[in-house]
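The structure appears right after this line, and notes come after that.
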Amino acid sequence: NAGVTQTPKFQVLKTGQSMTLQCAQDMNHEYMSWYRQDPGMGLRLIHYSVGAGITDQGEVPNGYNVSRSTTEDFPLRLLSAAPSQTSVYFCASSYDLAGEETQYFGPGTRLLVL
Amino acid sequence: GNSVTQMEGPVTLSEEAFLTINCTYTATGYPSLFWYVQYPGEGLQLLLKATKADDKGSNKGFEATYRKETTSFHLEKGSVQVSDSAVYFCALKHSGNTGKLIFGQGTTLQVKP
């Protein structure tokens, strides 16, 4: 199993540009999430999904869109990039087994918005 | 609301020293608690977890005990190695809140030979 994969690893955007961060998992996990990591702030939840066709907002959803058309993929879209979205983005997947859930993280995408 | 607070870093220790990284949480009910580790340039890996009060999670010589009375989940290791240098994150998840972890701000550990 490849686990959770993310592409690209690094991206530079200009303000106002759009892009999609890709996330895929091959573990057949029901749940997928996107976090952003900023210095001194830990990881904050952007959006999450509890299954194909179902998404919901996390703590910091503004400026980001998601969709979940398949179990495997959970892309994160930046419609109009802003310097405040400069961050490291992590995708995670998980499943719930008898009330216990552990999230598995991808390697991250480092995004710089100029 | 729910939150996690970790001790400020960075923490600098000599090899074979004892490590404690404090973590306290605010939450209603009985959340699950986790420690994740992030090595330089990598994503987060689960280090250990505990799902109910008084549970002790352990892995790779690290331990943490879920203390509901003090709302704490401190990470400890008896003898650190240079290879333990990383950022450590404490996190919580409410039962039923699938896919949603709440993280502390992270604590950087540097171990010197």
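A note on labels: chains of the structure tokens are A, B, ... as shown, every chain counts residues from 1, and ligands are counted from 1 in their shown order.
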Near chain B, which residues of chain A fall within 12 Å when you count only C-alpha atoms, and what do they look like as an NGL selection string?
:A and (3-6 or 9-10 or 29-51 or 55-59 or 88-110)
Residues flagged strand (DSSP E) by DSSP in chain B, as number ranges by chain:
B: 3-6, 11-14, 19-21, 23-26, 32-38, 44-50, 56-59, 62-65, 75-77, 86-93, 102-103, 107-112
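Non-sequential neighbours of Ser3 (chain B) (distance at most 7 Å, separation of 3 or more positions within a chain, only C-alpha atoms) are Tyr25, Thr26, Ala27 and Ile102 of chain B.
Minimum distance to Ile21 (chain B) across B:Leu47, B:Trp35, B:Leu75, B:Val82 (counting only C-alpha atoms) occurs at B:Leu75.
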Would you kindly return, as an MDAnalysis selection string, each protein, DNA or RNA residue with an atom no farther than 6 Å from any atom of region 74-78 of chain A, considering only C-alpha atoms and excluding same-chain residues fewer than 5 positions away?
chainID A and resid 18:23 64:66 68
